[in-house]
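Next comes model_37.cif, a file with mmCIF, C-alpha atoms and all ligand atoms.
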```cif
data_model
loop_
_atom_site.group_PDB
_atom_site.id
_atom_site.type_symbol
_atom_site.label_atom_id
_atom_site.label_comp_id
_atom_site.auth_asym_id
_atom_site.auth_seq_id
_atom_site.Cartn_x
_atom_site.Cartn_y
_atom_site.Cartn_z
ATOM 1 C CA MET A 1 -13.478 7.109 23.773
ATOM 2 C CA ASP A 2 -10.014 7.428 22.289
ATOM 3 C CA PHE A 3 -10.696 7.348 18.581
ATOM 4 C CA LEU A 4 -7.054 7.985 17.740
ATOM 5 C CA THR A 5 -6.205 4.429 18.725
ATOM 6 C CA TRP A 6 -9.171 2.732 17.096
ATOM 7 C CA ARG A 7 -8.160 0.713 14.063
ATOM 8 C CA LYS A 8 -10.054 2.573 11.341
ATOM 9 C CA ALA A 9 -10.925 2.499 7.648
ATOM 10 C CA GLU A 10 -11.499 5.664 5.646
ATOM 11 C CA LEU A 11 -13.337 5.468 2.322
ATOM 12 C CA HIS A 12 -13.708 9.132 1.347
ATOM 13 C CA CYS A 13 -10.387 10.987 1.272
ATOM 14 C CA HIS A 14 -9.465 13.371 -1.549
ATOM 15 C CA LEU A 15 -5.755 13.330 -2.251
ATOM 16 C CA ASP A 16 -5.729 17.001 -3.242
ATOM 17 C CA GLY A 17 -7.678 17.852 -0.092
ATOM 18 C CA ALA A 18 -5.239 16.047 2.198
ATOM 19 C CA VAL A 19 -1.933 17.612 1.160
ATOM 20 C CA ARG A 20 0.215 18.817 4.044
ATOM 21 C CA VAL A 21 0.328 22.628 4.036
ATOM 22 C CA SER A 22 4.083 22.373 4.656
ATOM 23 C CA THR A 23 4.526 20.224 1.549
ATOM 24 C CA ALA A 24 2.562 22.624 -0.653
ATOM 25 C CA ALA A 25 4.514 25.578 0.742
ATOM 26 C CA GLU A 26 7.771 23.783 -0.025
ATOM 27 C CA LEU A 27 6.808 22.713 -3.544
ATOM 28 C CA GLY A 28 4.777 25.732 -4.649
ATOM 29 C CA ASP A 29 5.800 29.190 -5.727
ATOM 30 C CA PHE A 30 2.802 31.161 -4.597
ATOM 31 C CA GLY A 31 4.495 34.282 -3.235
ATOM 32 C CA ARG A 32 2.141 33.962 -0.238
ATOM 33 C CA PRO A 33 1.156 31.239 2.229
ATOM 34 C CA PRO A 34 -0.839 28.433 0.573
ATOM 35 C CA ARG A 35 -4.612 28.915 0.820
ATOM 36 C CA MET A 36 -5.729 25.393 1.683
ATOM 37 C CA VAL A 37 -7.999 25.454 4.732
ATOM 38 C CA ALA A 38 -11.622 26.490 4.216
ATOM 39 C CA PRO A 39 -12.914 28.804 6.984
ATOM 40 C CA ASP A 40 -15.815 27.841 9.224
ATOM 41 C CA ASP A 41 -17.975 30.433 7.509
ATOM 42 C CA CYS A 42 -17.236 29.087 4.029
ATOM 43 C CA PRO A 43 -20.528 29.880 2.275
ATOM 44 C CA SER A 44 -20.937 27.053 -0.236
ATOM 45 C CA GLN A 45 -19.629 23.912 -1.905
ATOM 46 C CA ALA A 46 -18.438 26.001 -4.868
ATOM 47 C CA GLU A 47 -16.307 28.167 -2.531
ATOM 48 C CA TYR A 48 -15.060 25.112 -0.639
ATOM 49 C CA ILE A 49 -13.787 23.539 -3.869
ATOM 50 C CA GLY A 50 -11.624 26.621 -4.417
ATOM 51 C CA TYR A 51 -9.476 25.655 -1.415
ATOM 52 C CA PHE A 52 -8.144 22.658 -3.379
ATOM 53 C CA ASP A 53 -6.541 24.891 -6.026
ATOM 54 C CA ASP A 54 -3.123 25.481 -4.434
ATOM 55 C CA ALA A 55 -2.648 21.777 -3.775
ATOM 56 C CA ILE A 56 -3.610 20.900 -7.343
ATOM 57 C CA ALA A 57 -1.155 23.528 -8.616
ATOM 58 C CA VAL A 58 1.796 21.715 -7.015
ATOM 59 C CA MET A 59 0.558 18.233 -8.016
ATOM 60 C CA GLN A 60 1.611 18.475 -11.654
ATOM 61 C CA THR A 61 4.686 16.239 -11.752
ATOM 62 C CA GLN A 62 5.106 12.540 -11.178
ATOM 63 C CA ALA A 63 7.442 13.154 -8.237
ATOM 64 C CA THR A 64 5.051 15.463 -6.383
ATOM 65 C CA LEU A 65 2.054 13.181 -6.972
ATOM 66 C CA GLU A 66 3.969 10.177 -5.674
ATOM 67 C CA ARG A 67 5.280 12.058 -2.648
ATOM 68 C CA ILE A 68 1.875 13.430 -1.671
ATOM 69 C CA ALA A 69 0.202 10.021 -2.047
ATOM 70 C CA TYR A 70 2.884 8.527 0.188
ATOM 71 C CA GLU A 71 2.528 11.287 2.799
ATOM 72 C CA VAL A 72 -1.239 10.769 3.028
ATOM 73 C CA CYS A 73 -0.558 7.135 3.911
ATOM 74 C CA VAL A 74 1.988 8.126 6.556
ATOM 75 C CA ASP A 75 -0.433 10.637 8.074
ATOM 76 C CA SER A 76 -3.172 7.989 8.058
ATOM 77 C CA ALA A 77 -0.997 5.427 9.820
ATOM 78 C CA ALA A 78 -0.305 8.011 12.531
ATOM 79 C CA GLU A 79 -3.973 7.890 13.548
ATOM 80 C CA ASP A 80 -4.357 4.118 13.165
ATOM 81 C CA ILE A 81 -6.094 4.091 9.801
ATOM 82 C CA ASP A 82 -5.067 0.774 8.266
ATOM 83 C CA TYR A 83 -7.275 0.835 5.177
ATOM 84 C CA LEU A 84 -7.606 3.944 3.016
ATOM 85 C CA GLU A 85 -9.346 4.753 -0.238
ATOM 86 C CA VAL A 86 -7.793 7.828 -1.805
ATOM 87 C CA ARG A 87 -9.616 9.608 -4.598
ATOM 88 C CA TRP A 88 -8.552 12.326 -6.999
ATOM 89 C CA ALA A 89 -9.253 13.626 -10.502
ATOM 90 C CA PRO A 90 -6.397 12.678 -12.854
ATOM 91 C CA ARG A 91 -7.505 15.176 -15.494
ATOM 92 C CA LEU A 92 -6.738 18.088 -13.125
ATOM 93 C CA HIS A 93 -3.054 17.130 -13.217
ATOM 94 C CA LEU A 94 -2.262 17.507 -16.925
ATOM 95 C CA ARG A 95 -1.153 21.172 -16.895
ATOM 96 C CA ARG A 96 2.551 20.445 -17.244
ATOM 97 C CA GLY A 97 2.395 17.718 -19.843
ATOM 98 C CA LEU A 98 1.631 14.584 -17.837
ATOM 99 C CA THR A 99 -0.684 12.009 -19.376
ATOM 100 C CA VAL A 100 -3.559 10.385 -17.487
ATOM 101 C CA PRO A 101 -1.664 7.049 -17.251
ATOM 102 C CA GLN A 102 1.392 8.864 -15.842
ATOM 103 C CA VAL A 103 -0.769 10.616 -13.246
ATOM 104 C CA ILE A 104 -2.419 7.351 -12.229
ATOM 105 C CA GLU A 105 0.849 5.422 -12.047
ATOM 106 C CA SER A 106 2.470 8.121 -9.896
ATOM 107 C CA VAL A 107 -0.343 8.092 -7.345
ATOM 108 C CA LEU A 108 -0.478 4.293 -7.265
ATOM 109 C CA ALA A 109 3.288 4.160 -6.715
ATOM 110 C CA GLY A 110 3.022 6.580 -3.797
ATOM 111 C CA LEU A 111 0.183 4.638 -2.200
ATOM 112 C CA ALA A 112 2.011 1.330 -2.659
ATOM 113 C CA SER A 113 5.097 2.668 -0.888
ATOM 114 C CA GLY A 114 3.184 3.762 2.200
ATOM 115 C CA PRO A 115 2.886 1.901 5.495
ATOM 116 C CA ILE A 116 -0.814 0.944 5.174
ATOM 117 C CA ARG A 117 -3.125 -0.675 2.649
ATOM 118 C CA ALA A 118 -4.241 2.150 0.383
ATOM 119 C CA VAL A 119 -6.108 1.945 -2.908
ATOM 120 C CA ALA A 120 -7.355 4.571 -5.331
ATOM 121 C CA ILE A 121 -10.600 5.829 -6.830
ATOM 122 C CA VAL A 122 -10.487 8.137 -9.839
ATOM 123 C CA CYS A 123 -12.853 11.094 -9.936
ATOM 124 C CA ALA A 124 -14.384 12.259 -13.153
ATOM 125 C CA MET A 125 -15.335 15.919 -12.880
ATOM 126 C CA ARG A 126 -18.865 17.174 -13.439
ATOM 127 C CA GLN A 127 -17.614 20.145 -15.492
ATOM 128 C CA HIS A 128 -15.642 17.945 -17.885
ATOM 129 C CA SER A 129 -17.227 16.627 -21.080
ATOM 130 C CA VAL A 130 -18.745 13.171 -21.067
ATOM 131 C CA GLU A 131 -16.288 12.235 -23.839
ATOM 132 C CA ASP A 132 -13.345 13.128 -21.611
ATOM 133 C CA ASN A 133 -14.871 11.246 -18.696
ATOM 134 C CA VAL A 134 -15.509 8.139 -20.802
ATOM 135 C CA ALA A 135 -11.866 8.262 -21.908
ATOM 136 C CA LEU A 136 -10.810 8.593 -18.259
ATOM 137 C CA ALA A 137 -12.921 5.578 -17.284
ATOM 138 C CA ARG A 138 -11.295 3.461 -19.997
ATOM 139 C CA GLU A 139 -7.763 4.566 -19.147
ATOM 140 C CA ALA A 140 -8.364 4.051 -15.429
ATOM 141 C CA GLY A 141 -9.911 0.665 -16.107
ATOM 142 C CA ARG A 142 -6.554 -0.601 -17.332
ATOM 143 C CA TYR A 143 -5.379 -0.346 -13.715
ATOM 144 C CA ALA A 144 -8.388 -2.185 -12.263
ATOM 145 C CA GLY A 145 -7.145 -4.740 -9.782
ATOM 146 C CA ARG A 146 -3.722 -3.107 -9.639
ATOM 147 C CA GLY A 147 -4.393 -0.597 -6.880
ATOM 148 C CA LEU A 148 -7.183 1.273 -8.636
ATOM 149 C CA VAL A 149 -10.571 0.114 -7.489
ATOM 150 C CA GLY A 150 -13.279 2.674 -8.167
ATOM 151 C CA PHE A 151 -14.791 5.428 -10.276
ATOM 152 C CA ASP A 152 -16.436 8.569 -8.881
ATOM 153 C CA LEU A 153 -17.905 11.870 -10.077
ATOM 154 C CA ALA A 154 -17.079 15.091 -8.211
ATOM 155 C CA GLY A 155 -17.309 18.845 -8.684
ATOM 156 C CA ASP A 156 -19.923 21.584 -8.606
ATOM 157 C CA GLU A 157 -23.216 19.810 -8.092
ATOM 158 C CA ILE A 158 -25.469 22.792 -8.712
ATOM 159 C CA ARG A 159 -24.145 23.775 -12.121
ATOM 160 C CA PHE A 160 -23.387 20.309 -13.528
ATOM 161 C CA PRO A 161 -25.878 17.400 -13.148
ATOM 162 C CA ALA A 162 -24.654 13.808 -12.948
ATOM 163 C CA GLY A 163 -27.159 12.236 -15.345
ATOM 164 C CA PRO A 164 -25.382 13.204 -18.579
ATOM 165 C CA GLN A 165 -22.252 11.382 -17.330
ATOM 166 C CA ARG A 166 -23.970 7.973 -17.448
ATOM 167 C CA PRO A 167 -21.795 6.708 -20.359
ATOM 168 C CA ALA A 168 -18.689 7.315 -18.239
ATOM 169 C CA PHE A 169 -20.112 5.211 -15.401
ATOM 170 C CA GLU A 170 -21.030 2.469 -17.872
ATOM 171 C CA ALA A 171 -17.493 2.485 -19.276
ATOM 172 C CA ALA A 172 -16.029 2.316 -15.776
ATOM 173 C CA ARG A 173 -18.255 -0.586 -14.806
ATOM 174 C CA ALA A 174 -17.371 -2.428 -18.018
ATOM 175 C CA ALA A 175 -13.690 -1.934 -17.178
ATOM 176 C CA GLY A 176 -14.101 -3.581 -13.787
ATOM 177 C CA LEU A 177 -14.228 -0.508 -11.531
ATOM 178 C CA ARG A 178 -16.662 -0.163 -8.622
ATOM 179 C CA LEU A 179 -18.939 2.896 -8.742
ATOM 180 C CA THR A 180 -19.580 5.777 -6.385
ATOM 181 C CA CYS A 181 -20.760 9.350 -6.977
ATOM 182 C CA HIS A 182 -20.721 12.643 -5.103
ATOM 183 C CA ALA A 183 -24.250 13.892 -4.466
ATOM 184 C CA GLY A 184 -26.280 15.604 -1.781
ATOM 185 C CA GLU A 185 -23.587 18.061 -0.776
ATOM 186 C CA ALA A 186 -25.264 21.029 -2.472
ATOM 187 C CA GLY A 187 -28.427 21.698 -4.401
ATOM 188 C CA ASP A 188 -31.538 19.573 -4.362
ATOM 189 C CA PRO A 189 -32.358 16.175 -2.784
ATOM 190 C CA LYS A 190 -33.064 14.839 -6.260
ATOM 191 C CA ASN A 191 -29.331 14.986 -7.009
ATOM 192 C CA VAL A 192 -29.015 11.933 -4.760
ATOM 193 C CA GLU A 193 -31.684 10.075 -6.723
ATOM 194 C CA GLU A 194 -29.817 10.984 -9.888
ATOM 195 C CA ALA A 195 -26.684 9.369 -8.458
ATOM 196 C CA LEU A 196 -28.609 6.261 -7.389
ATOM 197 C CA ALA A 197 -29.980 5.958 -10.929
ATOM 198 C CA LEU A 198 -26.393 5.563 -12.150
ATOM 199 C CA GLY A 199 -26.170 2.261 -10.299
ATOM 200 C CA VAL A 200 -23.624 3.307 -7.680
ATOM 201 C CA GLU A 201 -22.929 1.136 -4.633
ATOM 202 C CA ARG A 202 -21.935 4.090 -2.484
ATOM 203 C CA VAL A 203 -22.778 7.799 -2.451
ATOM 204 C CA ALA A 204 -20.227 10.365 -1.341
ATOM 205 C CA HIS A 205 -22.114 12.466 1.259
ATOM 206 C CA GLY A 206 -25.838 12.164 0.380
ATOM 207 C CA VAL A 207 -26.543 14.680 3.137
ATOM 208 C CA ILE A 208 -29.175 16.770 1.383
ATOM 209 C CA GLY A 209 -30.953 13.613 0.201
ATOM 210 C CA ALA A 210 -31.588 12.831 3.870
ATOM 211 C CA ARG A 211 -34.187 15.628 3.904
ATOM 212 C CA GLU A 212 -36.553 13.412 1.877
ATOM 213 C CA PRO A 213 -37.964 10.339 3.692
ATOM 214 C CA ARG A 214 -38.629 8.699 0.322
ATOM 215 C CA ILE A 215 -34.943 8.954 -0.648
ATOM 216 C CA VAL A 216 -33.765 7.731 2.753
ATOM 217 C CA GLU A 217 -36.000 4.674 2.434
ATOM 218 C CA ARG A 218 -34.665 3.919 -1.027
ATOM 219 C CA ILE A 219 -31.041 4.168 0.163
ATOM 220 C CA ARG A 220 -31.800 1.937 3.140
ATOM 221 C CA SER A 221 -33.717 -0.712 1.217
ATOM 222 C CA GLU A 222 -31.120 -0.897 -1.556
ATOM 223 C CA GLY A 223 -28.250 -1.129 0.935
ATOM 224 C CA VAL A 224 -26.428 1.819 -0.624
ATOM 225 C CA VAL A 225 -23.676 3.195 1.620
ATOM 226 C CA LEU A 226 -23.306 6.913 2.429
ATOM 227 C CA ASP A 227 -19.695 8.022 2.967
ATOM 228 C CA MET A 228 -20.383 11.052 5.173
ATOM 229 C CA CYS A 229 -17.976 13.770 6.269
ATOM 230 C CA PRO A 230 -19.455 15.993 9.015
ATOM 231 C CA THR A 231 -17.013 18.919 9.003
ATOM 232 C CA ALA A 232 -16.750 19.104 5.224
ATOM 233 C CA ASN A 233 -20.527 18.803 4.902
ATOM 234 C CA TRP A 234 -20.970 21.677 7.325
ATOM 235 C CA LYS A 235 -18.343 23.857 5.630
ATOM 236 C CA CYS A 236 -20.099 23.265 2.283
ATOM 237 C CA LYS A 237 -23.336 24.275 4.034
ATOM 238 C CA ALA A 238 -25.093 20.989 3.276
ATOM 239 C CA VAL A 239 -26.157 21.390 6.924
ATOM 240 C CA PRO A 240 -26.491 24.779 8.675
ATOM 241 C CA ALA A 241 -24.788 23.486 11.853
ATOM 242 C CA LEU A 242 -22.875 20.344 12.830
ATOM 243 C CA ALA A 243 -25.555 19.527 15.390
ATOM 244 C CA GLU A 244 -28.040 19.222 12.542
ATOM 245 C CA HIS A 245 -26.001 16.649 10.616
ATOM 246 C CA PRO A 246 -28.248 13.683 9.701
ATOM 247 C CA LEU A 247 -25.646 10.982 10.457
ATOM 248 C CA PRO A 248 -27.115 9.841 13.818
ATOM 249 C CA ARG A 249 -30.658 9.797 12.471
ATOM 250 C CA LEU A 250 -29.653 7.851 9.349
ATOM 251 C CA VAL A 251 -27.708 5.232 11.306
ATOM 252 C CA ARG A 252 -30.688 4.735 13.636
ATOM 253 C CA ALA A 253 -32.967 4.396 10.576
ATOM 254 C CA GLY A 254 -30.835 1.507 9.361
ATOM 255 C CA VAL A 255 -28.935 3.311 6.594
ATOM 256 C CA ARG A 256 -25.384 2.046 6.089
ATOM 257 C CA CYS A 257 -23.144 5.054 6.827
ATOM 258 C CA THR A 258 -19.393 5.496 7.085
ATOM 259 C CA ILE A 259 -17.419 8.396 8.565
ATOM 260 C CA SER A 260 -14.642 10.116 6.609
ATOM 261 C CA THR A 261 -12.870 13.445 6.366
ATOM 262 C CA ASP A 262 -13.454 14.142 2.647
ATOM 263 C CA SER A 263 -10.477 16.507 2.710
ATOM 264 C CA ARG A 264 -8.454 16.620 5.905
ATOM 265 C CA THR A 265 -6.524 19.754 5.073
ATOM 266 C CA VAL A 266 -9.350 21.742 3.487
ATOM 267 C CA ALA A 267 -11.823 20.752 6.215
ATOM 268 C CA GLY A 268 -9.130 21.247 8.886
ATOM 269 C CA THR A 269 -9.781 17.893 10.520
ATOM 270 C CA THR A 270 -8.669 14.286 11.003
ATOM 271 C CA LEU A 271 -10.637 11.048 10.901
ATOM 272 C CA SER A 272 -10.319 10.715 14.679
ATOM 273 C CA ARG A 273 -11.719 14.223 15.046
ATOM 274 C CA GLU A 274 -14.712 13.358 12.838
ATOM 275 C CA PHE A 275 -15.492 10.407 15.133
ATOM 276 C CA GLU A 276 -15.243 12.764 18.130
ATOM 277 C CA LEU A 277 -17.668 15.170 16.475
ATOM 278 C CA ALA A 278 -20.086 12.313 15.768
ATOM 279 C CA ALA A 279 -19.869 11.307 19.435
ATOM 280 C CA GLY A 280 -20.669 14.938 20.257
ATOM 281 C CA MET A 281 -23.849 14.571 18.173
ATOM 282 C CA GLY A 282 -24.960 11.901 20.650
ATOM 283 C CA MET A 283 -23.854 8.780 18.800
ATOM 284 C CA THR A 284 -23.012 5.856 21.057
ATOM 285 C CA GLU A 285 -19.795 3.862 20.963
ATOM 286 C CA ALA A 286 -21.712 0.951 19.422
ATOM 287 C CA GLU A 287 -23.077 3.185 16.673
ATOM 288 C CA LEU A 288 -19.654 4.602 15.922
ATOM 289 C CA ARG A 289 -18.064 1.154 15.853
ATOM 290 C CA ALA A 290 -20.822 0.072 13.457
ATOM 291 C CA CYS A 291 -19.926 2.948 11.087
ATOM 292 C CA ASN A 292 -16.296 1.847 11.174
ATOM 293 C CA GLU A 293 -17.258 -1.775 10.512
ATOM 294 C CA THR A 294 -19.469 -0.621 7.633
ATOM 295 C CA ALA A 295 -16.415 1.069 6.118
ATOM 296 C CA TYR A 296 -14.467 -2.208 6.166
ATOM 297 C CA ALA A 297 -17.471 -4.103 4.808
ATOM 298 C CA ALA A 298 -18.181 -1.625 1.990
ATOM 299 C CA ARG A 299 -14.589 -1.104 0.867
ATOM 300 C CA PHE A 300 -13.819 -1.417 -2.811
ATOM 301 C CA GLY A 301 -10.315 -2.852 -2.399
HETATM 302 ZN ZN ZN A 401 -15.710 14.255 -1.506
#
```
Target encoding structure tokens, full file:
Amino acid sequence: MDFLTWRKAELHCHLDGAVRVSTAAELGDFGRPPRMVAPDDCPSQAEYIGYFDDAIAVMQTQATLERIAYEVCVDSAAEDIDYLEVRWAPRLHLRRGLTVPQVIESVLAGLASGPIRAVAIVCAMRQHSVEDNVALAREAGRYAGRGLVGFDLAGDEIRFPAGPQRPAFEAARAAGLRLTCHAGEAGDPKNVEEALALGVERVAHGVIGAREPRIVERIRSEGVVLDMCPTANWKCKAVPALAEHPLPRLVRAGVRCTISTDSRTVAGTTLSREFELAAGMGMTEAELRACNETAYAARFG
């Protein structure tokens, strides 16, 4: 199967995890090569998140944000992705004086200038205060329907639970944004239940929740979609080996799953490569096409 030429949708792509290394090297002043690709033996989600830092450091002006958003679209078109949801945390881009609206407008401008249909999801961060995340939801909500489609929560899952961020999700919903949440990438299966309790339509990853039959049944019966990312999940050690990834089992159990990269640069992958890896786990062409169709069906934009 030549996945490169399949027309594909990707729903889980972090802008700061998909920056070209060459772009960061050109824009940054690190005094060393950028450190942007997590190694295979990356020990944890917390360590994995550290590989986003150099990209975030260069994404502090409107011009760099717009350029990087555009380049992600170009890179996506090159592997026949024609629908892309890009997510990022606007509050990580305020170090040089930008405001949240300026950050959002820059990314939306970059996505709009690209060769494919690309829309944005804002990520609140688990380590930020609920007040800051409520404010983000309200500011982002002003762009609902204008290229910004969703609201997400990301960051260190072990140290910062999702439950206390409920007011931010409520504000985002009230503003017209669709809801998703990172969970089940580290820590305990109950983190996935905590995300479901927030009323999300999709869960980013959900991998560790798949260990609990009760949680799998709830996800299946409620029709919640899992946006799974095999290489990134493995590098975060949500699974000890790629061969043990629950994607095939979940699809066969009737759970709606999509395949994404999470972070092409940090994971060191492409969407086509993730489909190849899923085929290597024994998934059939029909199962893989179903995951791709689920991505189109569950899109927020
Ligand atoms: Zn993610």
Inset, instruction - Decode the PyMOL selection byres (((chain A and resi 117) around 9) and not hetatm) for the given file into explicit residues and return them as a ChimeraX atom specification. - result: /A:73,82-85,111-112,114-116,118-119
Leaving out Leu196 in chain A and any residue of its chain fewer than 2 positions from it, which residues lie within 10 Å of it when counting all atoms listed in the file, given as a compact mmCIF listing (two decimals) with C-alpha atoms, keeping the file's coordinate frame?
```txt
# COMPACT_ATOMS: atom_id res chain seq x y z
CA THR A 180 -19.58 5.78 -6.38
CA CYS A 181 -20.76 9.35 -6.98
CA ALA A 183 -24.25 13.89 -4.47
CA LYS A 190 -33.06 14.84 -6.26
CA ASN A 191 -29.33 14.99 -7.01
CA VAL A 192 -29.02 11.93 -4.76
CA GLU A 193 -31.68 10.07 -6.72
CA GLU A 194 -29.82 10.98 -9.89
CA LEU A 198 -26.39 5.56 -12.15
CA GLY A 199 -26.17 2.26 -10.30
CA VAL A 200 -23.62 3.31 -7.68
CA GLU A 201 -22.93 1.14 -4.63
CA ARG A 202 -21.94 4.09 -2.48
CA VAL A 203 -22.78 7.80 -2.45
CA ILE A 215 -34.94 8.95 -0.65
CA ARG A 218 -34.66 3.92 -1.03
CA ILE A 219 -31.04 4.17 0.16
CA GLU A 222 -31.12 -0.90 -1.56
CA VAL A 224 -26.43 1.82 -0.62
```
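For ligand ZN 401 (chain A), the set of protein, DNA and RNA residues within 10 Å, based on all atoms listed in the file, reads A:Leu11, A:His12, A:Cys13, A:His14, A:Gly17, A:Ile49, A:Arg87, A:Trp88, A:Cys123, A:Asp152, A:Leu153, A:Ala154, A:Gly155, A:Cys181, A:His182, A:Ala183, A:Glu185, A:Val203, A:Ala204, A:His205, A:Asp227, A:Met228, A:Cys229, A:Ala232, A:Asn233, A:Ser260, A:Thr261, A:Asp262, A:Ser263.
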Resulting file, chosen residues, C-alpha atoms, as a JSON list (two decimals), keeping the file's coordinate frame:
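Done, and the output landed in part.json:
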```
[["chain", "number", "residue", "atom", "x", "y", "z"],
["A", 11, "LEU", "CA", -13.34, 5.47, 2.32],
["A", 12, "HIS", "CA", -13.71, 9.13, 1.35],
["A", 13, "CYS", "CA", -10.39, 10.99, 1.27],
["A", 14, "HIS", "CA", -9.46, 13.37, -1.55],
["A", 17, "GLY", "CA", -7.68, 17.85, -0.09],
["A", 49, "ILE", "CA", -13.79, 23.54, -3.87],
["A", 87, "ARG", "CA", -9.62, 9.61, -4.60],
["A", 88, "TRP", "CA", -8.55, 12.33, -7.00],
["A", 123, "CYS", "CA", -12.85, 11.09, -9.94],
["A", 152, "ASP", "CA", -16.44, 8.57, -8.88],
["A", 153, "LEU", "CA", -17.90, 11.87, -10.08],
["A", 154, "ALA", "CA", -17.08, 15.09, -8.21],
["A", 155, "GLY", "CA", -17.31, 18.84, -8.68],
["A", 181, "CYS", "CA", -20.76, 9.35, -6.98],
["A", 182, "HIS", "CA", -20.72, 12.64, -5.10],
["A", 183, "ALA", "CA", -24.25, 13.89, -4.47],
["A", 185, "GLU", "CA", -23.59, 18.06, -0.78],
["A", 203, "VAL", "CA", -22.78, 7.80, -2.45],
["A", 204, "ALA", "CA", -20.23, 10.36, -1.34],
["A", 205, "HIS", "CA", -22.11, 12.47, 1.26],
["A", 227, "ASP", "CA", -19.70, 8.02, 2.97],
["A", 228, "MET", "CA", -20.38, 11.05, 5.17],
["A", 229, "CYS", "CA", -17.98, 13.77, 6.27],
["A", 232, "ALA", "CA", -16.75, 19.10, 5.22],
["A", 233, "ASN", "CA", -20.53, 18.80, 4.90],
["A", 260, "SER", "CA", -14.64, 10.12, 6.61],
["A", 261, "THR", "CA", -12.87, 13.44, 6.37],
["A", 262, "ASP", "CA", -13.45, 14.14, 2.65],
["A", 263, "SER", "CA", -10.48, 16.51, 2.71]]
```
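Residues in contact with range 293-300 of chain A at 6 Å, where all atoms listed in the file are counted and same-chain residues fewer than 4 positions away are skipped, are listed as Ala9, Val149 and Thr258 of chain A.
Distances to Asp53 in chain A were evaluated for A:Val37, A:Leu226, A:Ile68, A:Val122 using all atoms listed in the file, and the minimum falls at A:Val37.
Interatomic distance, CA of Glu217 in chain A against CA of Ile259 in chain A: 19.9 Å.
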Each range 159-220 of chain A residue no farther than 9 Å from range 238-241 of chain A, nearest pair in Å, only C-alpha atoms, as a tab-separated table:
```
residue	atom	partner	partner_atom	distance
A:Gly184	CA	A:Ala238	CA	7.5
A:Glu185	CA	A:Ala238	CA	5.2
A:Ala186	CA	A:Ala238	CA	5.8
A:Gly187	CA	A:Ala238	CA	8.4
A:Val207	CA	A:Ala238	CA	6.5
A:Ile208	CA	A:Ala238	CA	6.2
```
The selected residues should be written to file as a PDB file, keeping the file's coordinate frame (atoms: C-alpha atoms).
```pdb
ATOM      1  CA  GLY A 184     -26.280  15.604  -1.781  1.00  0.00           C
ATOM      2  CA  GLU A 185     -23.587  18.061  -0.776  1.00  0.00           C
ATOM      3  CA  ALA A 186     -25.264  21.029  -2.472  1.00  0.00           C
ATOM      4  CA  GLY A 187     -28.427  21.698  -4.401  1.00  0.00           C
ATOM      5  CA  VAL A 207     -26.543  14.680   3.137  1.00  0.00           C
ATOM      6  CA  ILE A 208     -29.175  16.770   1.383  1.00  0.00           C
TER       7      ILE A 208
END
```
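Interatomic distance, CA of Trp234 in chain A to CA of Asp40 in chain A: 8.3 Å.
For the file shown, the residue list from the PyMOL selection byres (((chain A and resi 150) around 6) and not hetatm) reads Ile121, Val149, Phe151, Leu177, Arg178 and Leu179 of chain A.
Here CA of Pro189 in chain A stands at a distance of 20.7 Å from CA of Phe169 in chain A.
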Inset, instruction - For the structure shown, which residues end up in the PyMOL selection byres (((chain A and resi 23-30) around 12) and not hetatm)? Put them as a PyMOL selection string, please? - result: chain A and resi 16-22+31-36+52-61+63-65+67-72+265
